[in-house]
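Visitor: For reference, the structure I am asking about is given below.
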Amino acid sequence: MLSKANFLKILDIIAEMFPRAHGELRSDTPFQMLIAVILSAQATDKGVNKATPALFAKYPDSKSLALADISDVESLIKTIGLYHSKAKNIIRTAEMLETDFGGELPHDKDLLQKLPGVGRKTANVVLGDAFGIPGIAVDTHVERVSKRLQLVKQSATVTEVEDKLMKVVPESEWVVTHHRLIFFGRYHCTARSPKCTLCPVLPYCKFGEKLSIQ
DNA sequence: ATCCCGAGGG
DNA sequence: CCCTCTGGAT
């Protein structure tokens, strides 16, 4: 298992690789960010950004989306995938924001998770990116990278990954570290054919060490 | 554990 | 063709 000192060293290297890591979902308001993040489940940010301009042009806020026709929303987000459940979830989320939350997003993880389609990961992303509230969202990239670097055991759950990262990284760095790990996973330590031979982190990585031998 | 589900990359 | 994508609900 990787030591804390070595992991912080790796984070420094990754920070140099991606000095401008940031959320890549487009949105003009916290509400739109919430919807975009819900839509991003098992989908690429690029794919979400392709669909949301038309969606937000027609339904810019919770008041309008709450009254939307589901088949219309489905057709607007169809290219993203998982569109039946996502259409239902974002309309219901808009309704609940209107009826139960006074039209405002709650700045609270547990309350956000009461909204359909919003789980731990989505709540963390929205709190961090929309409100600057510290948190580490563990998505497919963060999980894969953390396991390859042996920050956690291979069998670790997403919650265990999240807890470990929060323990090792100072709270003031949680949100930016999250984005750096995403960028590292999305553009460099990719799921398929990771760029190990070009990787500045290779000296610290058992996973890449194994790959680079052959 | 399984389902949802289209687009893009290799 | 097969794999992956800022997962969540059942």
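Residues are referred to by chain and number: the chain letter is A, B, ... according to the order shown in the structure tokens, the number counts from 1 in that chain, and ligands are numbered separately from 1 in the order shown.
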Using only C-alpha atoms (C1' of nucleotides), which residues of chain A come within 8 Å of chain B, and what is the closest atom pair for each, with the distance in Å to one decimal? Give it as a tab-separated table, sorted by chain and residue number.
Guide:
residue	atom	partner	partner_atom	distance
A:Gly47	CA	B:DA7	C1'	7.2
A:Lys78	CA	B:DG6	C1'	7.3
A:Thr79	CA	B:DG6	C1'	5.3
A:Ile80	CA	B:DG6	C1'	5.7
A:Gly81	CA	B:DG6	C1'	4.4
A:Leu82	CA	B:DC5	C1'	4.4
A:Tyr83	CA	B:DC5	C1'	7.2
A:Ser85	CA	B:DC4	C1'	7.3
Visitor: Please tabulate, as a tab-separated table, the residues of chain C that come within 6 Å of chain A, each with its closest pair of atoms and the distance in Å to one decimal, counting only C-alpha atoms (C1' of nucleotides) and ordering rows by chain, then residue number upward.
Guide:
residue	atom	partner	partner_atom	distance
C:DC5	C1'	A:Ala43	CA	4.4
C:DT6	C1'	A:Asp139	CA	5.4
C:DG7	C1'	A:Ala41	CA	4.8
C:DG8	C1'	A:Gly117	CA	5.8
Visitor: Would you save the residues of that selection, restricted to N, CA and C atoms (P, O5', C5', C4', C3', O3' and C1' of nucleotides), as a CSV table (one decimal), in the first residue's frame?
Guide:
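Full text of again.csv as output:
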chain,number,residue,atom,x,y,z
C,5,DC,P,-14.1,5.0,-17.7
C,5,DC,O5',-15.1,6.1,-18.2
C,5,DC,C5',-14.7,7.0,-19.3
C,5,DC,C4',-15.8,7.8,-19.7
C,5,DC,C3',-16.5,8.6,-18.6
C,5,DC,O3',-16.9,9.9,-19.2
C,5,DC,C1',-18.1,7.2,-19.8
C,6,DT,P,-16.2,11.2,-18.6
C,6,DT,O5',-16.5,11.2,-17.0
C,6,DT,C5',-17.8,11.2,-16.5
C,6,DT,C4',-17.7,10.9,-15.0
C,6,DT,C3',-19.0,10.9,-14.3
C,6,DT,O3',-19.0,9.9,-13.3
C,6,DT,C1',-17.6,12.5,-13.3
C,7,DG,P,-19.4,8.3,-13.7
C,7,DG,O5',-20.9,8.2,-13.0
C,7,DG,C5',-21.0,8.2,-11.6
C,7,DG,C4',-22.4,8.4,-11.2
C,7,DG,C3',-22.7,8.2,-9.7
C,7,DG,O3',-23.7,9.1,-9.4
C,7,DG,C1',-23.8,6.6,-11.1
C,8,DG,P,-24.3,9.2,-7.9
C,8,DG,O5',-25.6,8.4,-8.1
C,8,DG,C5',-26.6,9.0,-9.0
C,8,DG,C4',-27.8,8.1,-9.0
C,8,DG,C3',-28.4,7.7,-7.7
C,8,DG,O3',-29.8,8.0,-7.7
C,8,DG,C1',-28.1,5.8,-9.0
Visitor: Work out how far CA of Ala21 (chain A) is from CA of Arg180 (chain A), in Å to one decimal.
Guide: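 Separation between CA of Arg180 (chain A) and CA of Ala21 (chain A): 5.2 Å.
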Visitor: Where in region 23-128 of chain A does DSSP assign alpha helix (DSSP H), given as an mmCIF file with N, CA and C atoms, in the first residue's frame?
Guide:
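See part_37.cif below for the written result:
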data_model
loop_
_atom_site.group_PDB
_atom_site.id
_atom_site.type_symbol
_atom_site.label_atom_id
_atom_site.label_comp_id
_atom_site.auth_asym_id
_atom_site.auth_seq_id
_atom_site.Cartn_x
_atom_site.Cartn_y
_atom_site.Cartn_z
ATOM 1 N N PRO A 30 -26.450 27.311 -10.545
ATOM 2 C CA PRO A 30 -26.339 26.096 -9.733
ATOM 3 C C PRO A 30 -27.381 25.048 -10.112
ATOM 4 N N PHE A 31 -28.587 25.479 -10.412
ATOM 5 C CA PHE A 31 -29.622 24.517 -10.826
ATOM 6 C C PHE A 31 -29.191 23.773 -12.078
ATOM 7 N N GLN A 32 -28.713 24.512 -13.058
ATOM 8 C CA GLN A 32 -28.285 23.867 -14.306
ATOM 9 C C GLN A 32 -27.089 22.949 -14.055
ATOM 10 N N MET A 33 -26.231 23.351 -13.135
ATOM 11 C CA MET A 33 -25.109 22.467 -12.815
ATOM 12 C C MET A 33 -25.606 21.164 -12.218
ATOM 13 N N LEU A 34 -26.569 21.253 -11.315
ATOM 14 C CA LEU A 34 -27.136 20.045 -10.723
ATOM 15 C C LEU A 34 -27.695 19.126 -11.805
ATOM 16 N N ILE A 35 -28.465 19.696 -12.720
ATOM 17 C CA ILE A 35 -29.063 18.891 -13.785
ATOM 18 C C ILE A 35 -27.966 18.273 -14.651
ATOM 19 N N ALA A 36 -26.969 19.064 -14.991
ATOM 20 C CA ALA A 36 -25.879 18.548 -15.829
ATOM 21 C C ALA A 36 -25.153 17.394 -15.140
ATOM 22 N N VAL A 37 -24.941 17.519 -13.847
ATOM 23 C CA VAL A 37 -24.234 16.458 -13.131
ATOM 24 C C VAL A 37 -25.090 15.195 -13.052
ATOM 25 N N ILE A 38 -26.398 15.369 -12.834
ATOM 26 C CA ILE A 38 -27.286 14.193 -12.851
ATOM 27 C C ILE A 38 -27.188 13.505 -14.217
ATOM 28 N N LEU A 39 -27.210 14.298 -15.269
ATOM 29 C CA LEU A 39 -27.182 13.725 -16.616
ATOM 30 C C LEU A 39 -25.849 13.055 -16.928
ATOM 31 N N ASP A 45 -18.725 13.983 -20.218
ATOM 32 C CA ASP A 45 -19.057 15.402 -20.108
ATOM 33 C C ASP A 45 -19.310 15.991 -21.484
ATOM 34 N N LYS A 46 -18.527 15.560 -22.456
ATOM 35 C CA LYS A 46 -18.672 16.079 -23.807
ATOM 36 C C LYS A 46 -20.078 15.790 -24.338
ATOM 37 N N GLY A 47 -20.533 14.580 -24.110
ATOM 38 C CA GLY A 47 -21.871 14.204 -24.556
ATOM 39 C C GLY A 47 -22.955 15.003 -23.850
ATOM 40 N N VAL A 48 -22.767 15.264 -22.567
ATOM 41 C CA VAL A 48 -23.743 16.055 -21.807
ATOM 42 C C VAL A 48 -23.758 17.490 -22.325
ATOM 43 N N ASN A 49 -22.581 18.040 -22.556
ATOM 44 C CA ASN A 49 -22.491 19.427 -23.031
ATOM 45 C C ASN A 49 -23.110 19.610 -24.410
ATOM 46 N N LYS A 50 -23.201 18.526 -25.156
ATOM 47 C CA LYS A 50 -23.810 18.602 -26.474
ATOM 48 C C LYS A 50 -25.328 18.738 -26.369
ATOM 49 N N ALA A 51 -25.885 18.151 -25.335
ATOM 50 C CA ALA A 51 -27.347 18.122 -25.205
ATOM 51 C C ALA A 51 -27.908 19.255 -24.351
ATOM 52 N N THR A 52 -27.163 19.707 -23.355
ATOM 53 C CA THR A 52 -27.743 20.654 -22.399
ATOM 54 C C THR A 52 -28.062 22.041 -22.943
ATOM 55 N N PRO A 53 -27.343 22.572 -23.943
ATOM 56 C CA PRO A 53 -27.727 23.911 -24.416
ATOM 57 C C PRO A 53 -29.188 23.990 -24.857
ATOM 58 N N ALA A 54 -29.631 23.000 -25.625
ATOM 59 C CA ALA A 54 -31.033 23.008 -26.068
ATOM 60 C C ALA A 54 -31.969 22.768 -24.889
ATOM 61 N N LEU A 55 -31.547 21.880 -23.989
ATOM 62 C CA LEU A 55 -32.384 21.589 -22.814
ATOM 63 C C LEU A 55 -32.564 22.838 -21.950
ATOM 64 N N PHE A 56 -31.459 23.544 -21.685
ATOM 65 C CA PHE A 56 -31.518 24.712 -20.801
ATOM 66 C C PHE A 56 -32.130 25.925 -21.497
ATOM 67 N N ALA A 57 -32.062 25.955 -22.829
ATOM 68 C CA ALA A 57 -32.723 27.048 -23.545
ATOM 69 C C ALA A 57 -34.232 26.951 -23.341
ATOM 70 N N LYS A 58 -34.723 25.718 -23.331
ATOM 71 C CA LYS A 58 -36.167 25.518 -23.190
ATOM 72 C C LYS A 58 -36.597 25.467 -21.724
ATOM 73 N N SER A 62 -35.795 25.504 -12.430
ATOM 74 C CA SER A 62 -36.617 24.430 -11.858
ATOM 75 C C SER A 62 -38.096 24.679 -12.107
ATOM 76 N N LYS A 63 -38.494 25.942 -12.144
ATOM 77 C CA LYS A 63 -39.909 26.254 -12.355
ATOM 78 C C LYS A 63 -40.386 25.736 -13.710
ATOM 79 N N SER A 64 -39.589 25.953 -14.742
ATOM 80 C CA SER A 64 -40.006 25.508 -16.077
ATOM 81 C C SER A 64 -39.836 23.994 -16.244
ATOM 82 N N LEU A 65 -38.742 23.455 -15.737
ATOM 83 C CA LEU A 65 -38.514 22.014 -15.926
ATOM 84 C C LEU A 65 -39.533 21.179 -15.150
ATOM 85 N N ALA A 66 -39.998 21.714 -14.035
ATOM 86 C CA ALA A 66 -40.988 20.988 -13.229
ATOM 87 C C ALA A 66 -42.276 20.755 -14.019
ATOM 88 N N ILE A 70 -42.567 14.909 -20.240
ATOM 89 C CA ILE A 70 -41.445 13.965 -20.126
ATOM 90 C C ILE A 70 -40.938 13.499 -21.483
ATOM 91 N N SER A 71 -41.826 13.303 -22.437
ATOM 92 C CA SER A 71 -41.352 12.823 -23.739
ATOM 93 C C SER A 71 -40.535 13.895 -24.449
ATOM 94 N N ASP A 72 -40.868 15.163 -24.192
ATOM 95 C CA ASP A 72 -40.066 16.238 -24.771
ATOM 96 C C ASP A 72 -38.671 16.252 -24.159
ATOM 97 N N VAL A 73 -38.602 16.100 -22.841
ATOM 98 C CA VAL A 73 -37.295 16.067 -22.176
ATOM 99 C C VAL A 73 -36.496 14.856 -22.646
ATOM 100 N N GLU A 74 -37.175 13.724 -22.784
ATOM 101 C CA GLU A 74 -36.487 12.525 -23.272
ATOM 102 C C GLU A 74 -35.839 12.770 -24.629
ATOM 103 N N SER A 75 -36.580 13.410 -25.505
ATOM 104 C CA SER A 75 -36.037 13.620 -26.850
ATOM 105 C C SER A 75 -34.850 14.584 -26.808
ATOM 106 N N LEU A 76 -34.863 15.508 -25.845
ATOM 107 C CA LEU A 76 -33.768 16.477 -25.750
ATOM 108 C C LEU A 76 -32.485 15.853 -25.185
ATOM 109 N N ILE A 77 -32.626 14.806 -24.387
ATOM 110 C CA ILE A 77 -31.442 14.228 -23.741
ATOM 111 C C ILE A 77 -31.134 12.821 -24.232
ATOM 112 N N TYR A 83 -31.797 7.578 -20.857
ATOM 113 C CA TYR A 83 -32.608 8.797 -20.919
ATOM 114 C C TYR A 83 -33.985 8.663 -20.282
ATOM 115 N N HIS A 84 -34.529 7.443 -20.207
ATOM 116 C CA HIS A 84 -35.841 7.296 -19.552
ATOM 117 C C HIS A 84 -35.751 7.712 -18.079
ATOM 118 N N SER A 85 -34.821 7.095 -17.384
ATOM 119 C CA SER A 85 -34.711 7.390 -15.949
ATOM 120 C C SER A 85 -34.194 8.803 -15.712
ATOM 121 N N LYS A 86 -33.284 9.266 -16.555
ATOM 122 C CA LYS A 86 -32.741 10.612 -16.342
ATOM 123 C C LYS A 86 -33.798 11.685 -16.581
ATOM 124 N N ALA A 87 -34.635 11.514 -17.588
ATOM 125 C CA ALA A 87 -35.702 12.488 -17.849
ATOM 126 C C ALA A 87 -36.656 12.535 -16.666
ATOM 127 N N LYS A 88 -37.034 11.356 -16.206
ATOM 128 C CA LYS A 88 -37.951 11.300 -15.065
ATOM 129 C C LYS A 88 -37.315 11.943 -13.835
ATOM 130 N N ASN A 89 -36.042 11.621 -13.609
ATOM 131 C CA ASN A 89 -35.356 12.140 -12.422
ATOM 132 C C ASN A 89 -35.201 13.655 -12.436
ATOM 133 N N ILE A 90 -34.819 14.227 -13.568
ATOM 134 C CA ILE A 90 -34.568 15.683 -13.545
ATOM 135 C C ILE A 90 -35.876 16.467 -13.439
ATOM 136 N N ILE A 91 -36.954 15.939 -14.023
ATOM 137 C CA ILE A 91 -38.248 16.615 -13.868
ATOM 138 C C ILE A 91 -38.712 16.536 -12.417
ATOM 139 N N ARG A 92 -38.590 15.343 -11.844
ATOM 140 C CA ARG A 92 -38.999 15.165 -10.447
ATOM 141 C C ARG A 92 -38.119 15.999 -9.516
ATOM 142 N N THR A 93 -36.837 16.064 -9.836
ATOM 143 C CA THR A 93 -35.934 16.904 -9.048
ATOM 144 C C THR A 93 -36.369 18.362 -9.102
ATOM 145 N N ALA A 94 -36.725 18.837 -10.288
ATOM 146 C CA ALA A 94 -37.189 20.219 -10.433
ATOM 147 C C ALA A 94 -38.474 20.439 -9.634
ATOM 148 N N GLU A 95 -39.358 19.473 -9.689
ATOM 149 C CA GLU A 95 -40.613 19.572 -8.915
ATOM 150 C C GLU A 95 -40.323 19.672 -7.426
ATOM 151 N N MET A 96 -39.439 18.812 -6.950
ATOM 152 C CA MET A 96 -39.137 18.805 -5.516
ATOM 153 C C MET A 96 -38.442 20.091 -5.087
ATOM 154 N N LEU A 97 -37.596 20.634 -5.952
ATOM 155 C CA LEU A 97 -36.952 21.903 -5.616
ATOM 156 C C LEU A 97 -38.006 22.989 -5.449
ATOM 157 N N GLU A 98 -39.010 22.951 -6.310
ATOM 158 C CA GLU A 98 -40.071 23.948 -6.235
ATOM 159 C C GLU A 98 -40.956 23.761 -5.009
ATOM 160 N N THR A 99 -41.352 22.509 -4.776
ATOM 161 C CA THR A 99 -42.351 22.272 -3.725
ATOM 162 C C THR A 99 -41.742 22.134 -2.335
ATOM 163 N N ASP A 100 -40.564 21.500 -2.258
ATOM 164 C CA ASP A 100 -40.003 21.195 -0.935
ATOM 165 C C ASP A 100 -38.829 22.081 -0.531
ATOM 166 N N LYS A 109 -25.437 17.969 1.878
ATOM 167 C CA LYS A 109 -25.271 16.703 1.173
ATOM 168 C C LYS A 109 -26.475 15.780 1.345
ATOM 169 N N ASP A 110 -26.951 15.651 2.557
ATOM 170 C CA ASP A 110 -28.070 14.733 2.798
ATOM 171 C C ASP A 110 -29.347 15.222 2.137
ATOM 172 N N LEU A 111 -29.584 16.526 2.178
ATOM 173 C CA LEU A 111 -30.790 17.057 1.525
ATOM 174 C C LEU A 111 -30.696 16.900 0.018
ATOM 175 N N LEU A 112 -29.538 17.179 -0.547
ATOM 176 C CA LEU A 112 -29.369 17.005 -1.996
ATOM 177 C C LEU A 112 -29.656 15.568 -2.407
ATOM 178 N N ARG A 120 -24.370 10.107 -3.689
ATOM 179 C CA ARG A 120 -23.228 10.665 -2.985
ATOM 180 C C ARG A 120 -22.290 11.446 -3.912
ATOM 181 N N LYS A 121 -21.988 10.851 -5.039
ATOM 182 C CA LYS A 121 -21.044 11.467 -5.963
ATOM 183 C C LYS A 121 -21.581 12.776 -6.523
ATOM 184 N N THR A 122 -22.826 12.760 -6.999
ATOM 185 C CA THR A 122 -23.424 13.966 -7.569
ATOM 186 C C THR A 122 -23.529 15.065 -6.524
ATOM 187 N N ALA A 123 -23.945 14.726 -5.324
ATOM 188 C CA ALA A 123 -24.064 15.722 -4.260
ATOM 189 C C ALA A 123 -22.714 16.375 -3.975
ATOM 190 N N ASN A 124 -21.673 15.572 -3.902
ATOM 191 C CA ASN A 124 -20.338 16.112 -3.653
ATOM 192 C C ASN A 124 -19.888 17.062 -4.755
ATOM 193 N N VAL A 125 -20.141 16.692 -5.998
ATOM 194 C CA VAL A 125 -19.726 17.537 -7.115
ATOM 195 C C VAL A 125 -20.455 18.878 -7.074
ATOM 196 N N VAL A 126 -21.760 18.845 -6.851
ATOM 197 C CA VAL A 126 -22.537 20.080 -6.845
ATOM 198 C C VAL A 126 -22.119 20.980 -5.687
ATOM 199 N N LEU A 127 -21.948 20.403 -4.508
ATOM 200 C CA LEU A 127 -21.534 21.213 -3.362
ATOM 201 C C LEU A 127 -20.180 21.867 -3.625
ATOM 202 N N GLY A 128 -19.255 21.094 -4.177
ATOM 203 C CA GLY A 128 -17.914 21.614 -4.424
ATOM 204 C C GLY A 128 -17.874 22.654 -5.524
#
Visitor: Quote the spacing between CA of Pro194 (chain A) and CA of Leu2 (chain A) in Å to one decimal place.
Guide: 19.6 Å
Visitor: Between CA of Met17 (chain A) and CA of Glu173 (chain A), what is the spacing in Å?
Guide: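 These two atoms are separated by 16.3 Å.
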